[in-house]
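Novice: Mind having a look at this structure? Questions to follow.
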Amino acid sequence: MFGYPPEEVGTEGSWWTERIHPDDRQRAVADSDQAISSGAPGWTSEYRFRRRDGSWAHVVTRALIERDERGRAVRAMAALMDVSLVKETERALRETQRVLLEAQRIGQMRAWEEDLRTGVVQMDLATLLGDGEVRYGPRPREEAWNLIHPADRERMMELRRRTIETGGPFETEYRTLLADGVERVLLVRGELLRDPAGRPERIVGTALDITERKRAEEKAERSQRLLRLVLDTLPVGVMVLDKEANIVSFNPASERIWDDLIASGASRYARILGYWHGTARRVQVEEWASQRALQKGETNLNELIDIETSGGRKKIIRNSAAPIRDERGAVVGAVVINEDVTERVNAEDALRESEKLLIEAQALGRIGSWEQDLVTGAIQSSPENERLFFGEGSRGQNLDDYARVVHPDDLRRVMESRGRLLEGGPGDIEYRVVQPDGRVRWIFGRATVLRDEQGRPARIHGVNADITERKLAEEELARRAQQQSALAQLSLTALKGDGTQALFHEATAALAHTLGVEYGMVLEWSPATERMEFRAGAGPSVDEALRDVSARALPGFMAWFNLRSEAPVVVEDLPAETRFVPCELLMALGVKSGITVPIAGKERPFGILSAATKAKRRFSDQQLQFVWSVANVLATSIEHARAAAELEEKREQLRALSRKLIEAQEAERRAVARELHDDFGQVLTALRLNLGRHDRDDAESIALVDGAIARMRELATDLRPPLLDEFGLEASLRWYVEREAKRAGLVARLRFAPLPTRPPGAVETTCFRVAQEALTNVTRHAQAHSVEVELGPSDGRLQLVVRDDGRGFDVAAARKRATQGGSQGLLSMQERVALAGGELGIDSAAGRGTTIVARLPATAAGEP
């Protein structure tokens with residue numbers, strides 16, 4: 001009511017009394033003190049109270065005192081009402097009355113007469129000519145008639161003719177054009193005089209300049225129309241009573257509240273059936289608020305009365321009244337305000353909640369009204385309308401003041417709409433205003449043109465409503481639709497399979513356009529270099545600026561922080577960021593705010609997706625979710641591309657392995673054939689020759705046969721050690737590793753842990769062949785001095801580890817050579833382990849040796 005926010009309102013009585021007008025403070029405090037000390041049930045006081053903006057509000061306070069069982073006052077409950085509008089109306093009425101009285105007082109009657117026989121008119125020329133000089137003299141009739149306004153001349157001539165015919169007196173008003181070009185209004189009275197024979201002889205009369213009075217009447221009429229418009233729109237009933245308590249006027253809300261009890265303008269308000277709420281006695285006429293206002297000059301607020309209409313409807317009315325005084329302070333009437341509070345009083349608890357909701361709704365509704373006088377250009381505006389345009393503490397006086405706060409992009413459209421309205425077009429428009437604090441509000445305006453009797457626009461009346469929340473909701477829906485469309489298009493691009501680079505470019509462009517930012521970027525993480533490599537971007541010169549650059553992804557840097565974040569990283573002011581070291585490249589581009597999310601991967605993050613802008617701004621949760629969704633689309637597409645590439649690599653490895661298996665099989669057959677031919681062929685030839693000799697040496701033949709048998713066993717052992725079947729995996733590995741290490745001159749260290757059960761045959765064979773291939777690679781390529789072999793259980797599986805201290809190698813390059821026809825040792829181990837249901841890991845680098853780890857099932861499928 002007075003503009004004070006809750007945090008400024010004090011809890012001590014002194015806070016309130018300090019803001020009462022100094023001329024009223026002593027009286028207001030005395031009213032309450034006297035009521036408390038005298039045992040009265042309450043008090044009523046009227047005074048002026050200072051608003052937060054420094055202006056004074058006329059306030060009426062009605063308070064009830066709660067007393068204990070000994071009659072001591074313990075609490076007071078008060079209701080306040082701002083009656084400034086009533087006081088202003090009273091002042092305006094008194095001013096109008098004063099102006100009219102002053103006009104009558106200073107007005108001078110000017111005499112005139114017309115001689116009907118000579119046609120000469122005698123008049124005070126100062127009245128008609130406006131030159132301020134008193135010259136009473138004759139004027140020809142035609143010259144006098146020419147001084148009358150052309151629009152009134154024919155009417156005045158007709159009035160003259162009827163006066164001559166009937167002889168009766170007359171009184172009328174007409175306009176005259178004075179010498180200074182100013183239009184004046186005269187009140188003319190006249191009467192016909194006859195000669196002794198009864199013939200018309202002359203017309204005599206007086207003229208009074210009532211121009212100022214007419215202007216005052218028009219001003220009062222405009223004020224009355226505005227007041228009537230306000231009263232007609234008020235939801236509460238307003239009635240004006242004369243001194244005798246007769247209803248002089250009432251608004252439509254009064255009719256709705258009182259039904260037929262005030263249907264007649266002559267009804268006496270005091271005759272309306274009424275009771276005090278909560279009592280069983282009839283209220284005496286002198287106890288009514290209206291009667292106290294009329295008879296005692298008191299202002300009474302929030303009086304509750306029971307009424308019963310002629311139709312039997314019972315209502316509870318909240319009744320308030322204030323006296324109307326003339327310029328001498330005498331009570332000449334009263335203003336009564338009524339409100340139907342039946343449901344509110346019957347359900348008090350529900351009422352308090354409803355009042356709370358109503359107050360919140362009114363505060364949220366933010367609807368204001370205004371009216372412009374098209375002649376003077378002045379604008380009358382409600383306080384809420386002022387707040388819509390100027391916020392708190394400011395107001396506009398004319399159209400230019402309001403036009404200055406209209407958004408520059410909407411001003412031309414608003415002025416064009418105003419022009420169409422004046423020409424009879426529609427009066428509805430939506431536009432933006434920029435309040436002094438920089439906030440932008442959306443306004444829905446509806447206006448109507450009021451025209452004068454000639455049909456010319458005289459004034460415009462309108463209402464404005466704050467639709468900012470609705471507009472924001474519409475914009476949010478549009479943004480969400482745009483985001484969904486962008487995601488759908490991006491998903492279609494991903495499904496087309498045109499490649500990730502095209503998808504990256506489309507994603508960054510969609511990001512920049514949808515979020516309204518300058519830059520969108522995709523950066524890929526390179527674990528080998530610990531840097532972020534630029535892959536795609538959208539924005540001014542971003543491709544040229546970032547194409548060949550990279551960002552460090554070390555701990556503490558922005559790229560490292562973004563890559564390891566599990567949620568979107570939002571930056572509102574990059575130069576002031578303290579969580580990490582800001583990216584120099586973004587700082588060089590002038591970036592202030594942005595969103596960054598990691599692009600996830602199956603084994604490691606691919607990189608990051610970022611949206612950045614040069615302006616400081618905040619991002620909504622919906623926008624964060626959109627960026628996250630785009631990153632998910634990219635992650636899915638990247639993983640799909642990775643899986644496709646890996647599948648193709650597996651296929652190529654399988655084809656290469658198949659070729660090598662065939663080649664190995666043929667090579668093995670050739671080796672066996674060579675061994676049979678070279679070793680056994682020679683032995684058999686020597687044995688044949690020895691047996692053909694007459695002096696053969698049987699001992700030599702037996703030695704040849706023994707050597708062939710040993711060589712045969714050795715060949716069979718290389719193809720498949722019999723120890724593997726007879727004594728198991730541990731014994732076979734121990735025999736094989738020691739033999740090969742001895743042959744190659746290596747130091748062998750064996751660490752075998754007991755196995756709870758013997759592995760399946762296929763697993764033992766796989767494990768042995770992996771060790772065999774690993775030792776072959778060590779002896780052929782590693783240039784190692786020692787080799788370690790570990791075998792034992794690990795997490796329910798069988799684990800084989802072969803480790804050397806050799807020169808090491810590039811695993812990725814070796815695998816690539818294998819797919820292109822090179823050595824198949826690595827692929828052979830990998831495929832053997834995979835077919836057995838296991839996993840193979842190879843860790844090697846130049847200068848630090850090689851470690852091969854094979855993890856295989858410890859039991860056959862289906863076994864515990």
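Chain labels run A, B, ... following the order of the structure tokens; each chain numbers its residues from 1, and ligands are numbered from 1 in the order shown.
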Name the residues in contact with Phe557 (chain A) at a cut-off of 10 Å, using only C-alpha atoms, excluding same-chain residues fewer than 6 positions from it; report them as a list in words.
Specialist: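 Here the qualifying residues turn out to be Ala551, Arg579, Phe580, Val581, Pro582 and Cys583 of chain A.
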Novice: Can you spit out the residues from that selection as a PDB file, in the first residue's frame, using C-alpha atoms?
Specialist:
```pdb
ATOM      1  CA  ALA A 551      45.486 -27.404 -25.950  1.00  0.00           C
ATOM      2  CA  ARG A 579      38.816 -24.029 -10.849  1.00  0.00           C
ATOM      3  CA  PHE A 580      41.459 -24.415 -13.576  1.00  0.00           C
ATOM      4  CA  VAL A 581      43.865 -22.466 -15.775  1.00  0.00           C
ATOM      5  CA  PRO A 582      41.768 -20.843 -18.548  1.00  0.00           C
ATOM      6  CA  CYS A 583      42.510 -21.867 -22.120  1.00  0.00           C
TER       7      CYS A 583
END
```
Novice: Just the residues within 7 Å of Phe250 (chain A), please, counting only C-alpha atoms, with nothing from its chain fewer than 3 positions along; format it as a PDB file with all heavy atoms, in the first residue's frame.
Specialist:
```pdb
ATOM      1  N   VAL A 238     -19.498   1.358  -4.584  1.00  0.00           N
ATOM      2  CA  VAL A 238     -19.238   2.726  -4.153  1.00  0.00           C
ATOM      3  C   VAL A 238     -20.526   3.521  -4.304  1.00  0.00           C
ATOM      4  O   VAL A 238     -21.131   3.522  -5.389  1.00  0.00           O
ATOM      5  CB  VAL A 238     -18.112   3.371  -4.979  1.00  0.00           C
ATOM      6  CG1 VAL A 238     -17.870   4.812  -4.511  1.00  0.00           C
ATOM      7  CG2 VAL A 238     -16.836   2.559  -4.877  1.00  0.00           C
ATOM      8  N   MET A 239     -20.961   4.167  -3.228  1.00  0.00           N
ATOM      9  CA  MET A 239     -22.163   4.993  -3.248  1.00  0.00           C
ATOM     10  C   MET A 239     -21.841   6.366  -2.681  1.00  0.00           C
ATOM     11  O   MET A 239     -21.014   6.497  -1.770  1.00  0.00           O
ATOM     12  CB  MET A 239     -23.274   4.345  -2.423  1.00  0.00           C
ATOM     13  CG  MET A 239     -23.821   3.059  -3.015  1.00  0.00           C
ATOM     14  SD  MET A 239     -25.183   2.372  -2.065  1.00  0.00           S
ATOM     15  CE  MET A 239     -24.307   1.726  -0.669  1.00  0.00           C
ATOM     16  N   VAL A 240     -22.495   7.386  -3.225  1.00  0.00           N
ATOM     17  CA  VAL A 240     -22.368   8.751  -2.728  1.00  0.00           C
ATOM     18  C   VAL A 240     -23.715   9.168  -2.141  1.00  0.00           C
ATOM     19  O   VAL A 240     -24.758   9.047  -2.800  1.00  0.00           O
ATOM     20  CB  VAL A 240     -21.941   9.716  -3.851  1.00  0.00           C
ATOM     21  CG1 VAL A 240     -21.842  11.146  -3.313  1.00  0.00           C
ATOM     22  CG2 VAL A 240     -20.606   9.277  -4.448  1.00  0.00           C
ATOM     23  N   SER A 254     -22.299  -1.900  -6.739  1.00  0.00           N
ATOM     24  CA  SER A 254     -23.248  -1.695  -5.637  1.00  0.00           C
ATOM     25  C   SER A 254     -24.566  -2.404  -5.917  1.00  0.00           C
ATOM     26  O   SER A 254     -25.171  -3.005  -5.024  1.00  0.00           O
ATOM     27  CB  SER A 254     -23.491  -0.200  -5.433  1.00  0.00           C
ATOM     28  OG  SER A 254     -22.306   0.451  -5.031  1.00  0.00           O
TER      29      SER A 254
END
```
Novice: Taking 3 positions as the minimum chain separation for residues in the same chain, which residues sit within 12 Å of Pro605 (chain A) when counting only C-alpha atoms? Answer as a list in words.
Specialist: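 My reading of the contact set: Leu523, Glu524, Trp525, Ser526, Pro527, Met532, Trp560, Asn562, Leu563, Arg564, Ser565, Glu566, Val597, Pro598, Ile599, Ala600, Gly601, Lys602, Ile608, Leu609, Ala631, Asn632, Leu634, Ala635, Thr636, Ile638 and Glu639 of chain A.
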Novice: Can you work out which one of A:Ser394, A:Ser629, A:Gln501, A:Ser381 has the shortest atom-to-atom distance to Asn464 (chain A), counting only C-alpha atoms?
Specialist: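 Closest to Asn464 (chain A), using only C-alpha atoms: A:Ser381.
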Novice: Expressed in Å to a single decimal, how great is the separation between CA of Gln454 (chain A) and CA of Arg213 (chain A)?
Specialist: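 Between CA of Gln454 (chain A) and CA of Arg213 (chain A) the gap is 22.2 Å.
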Novice: Expressed in Å to a single decimal, how great is the separation between CA of Lys816 (chain A) and CA of Glu652 (chain A)?
Specialist: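 Here the two named atoms are 10.1 Å from each other.
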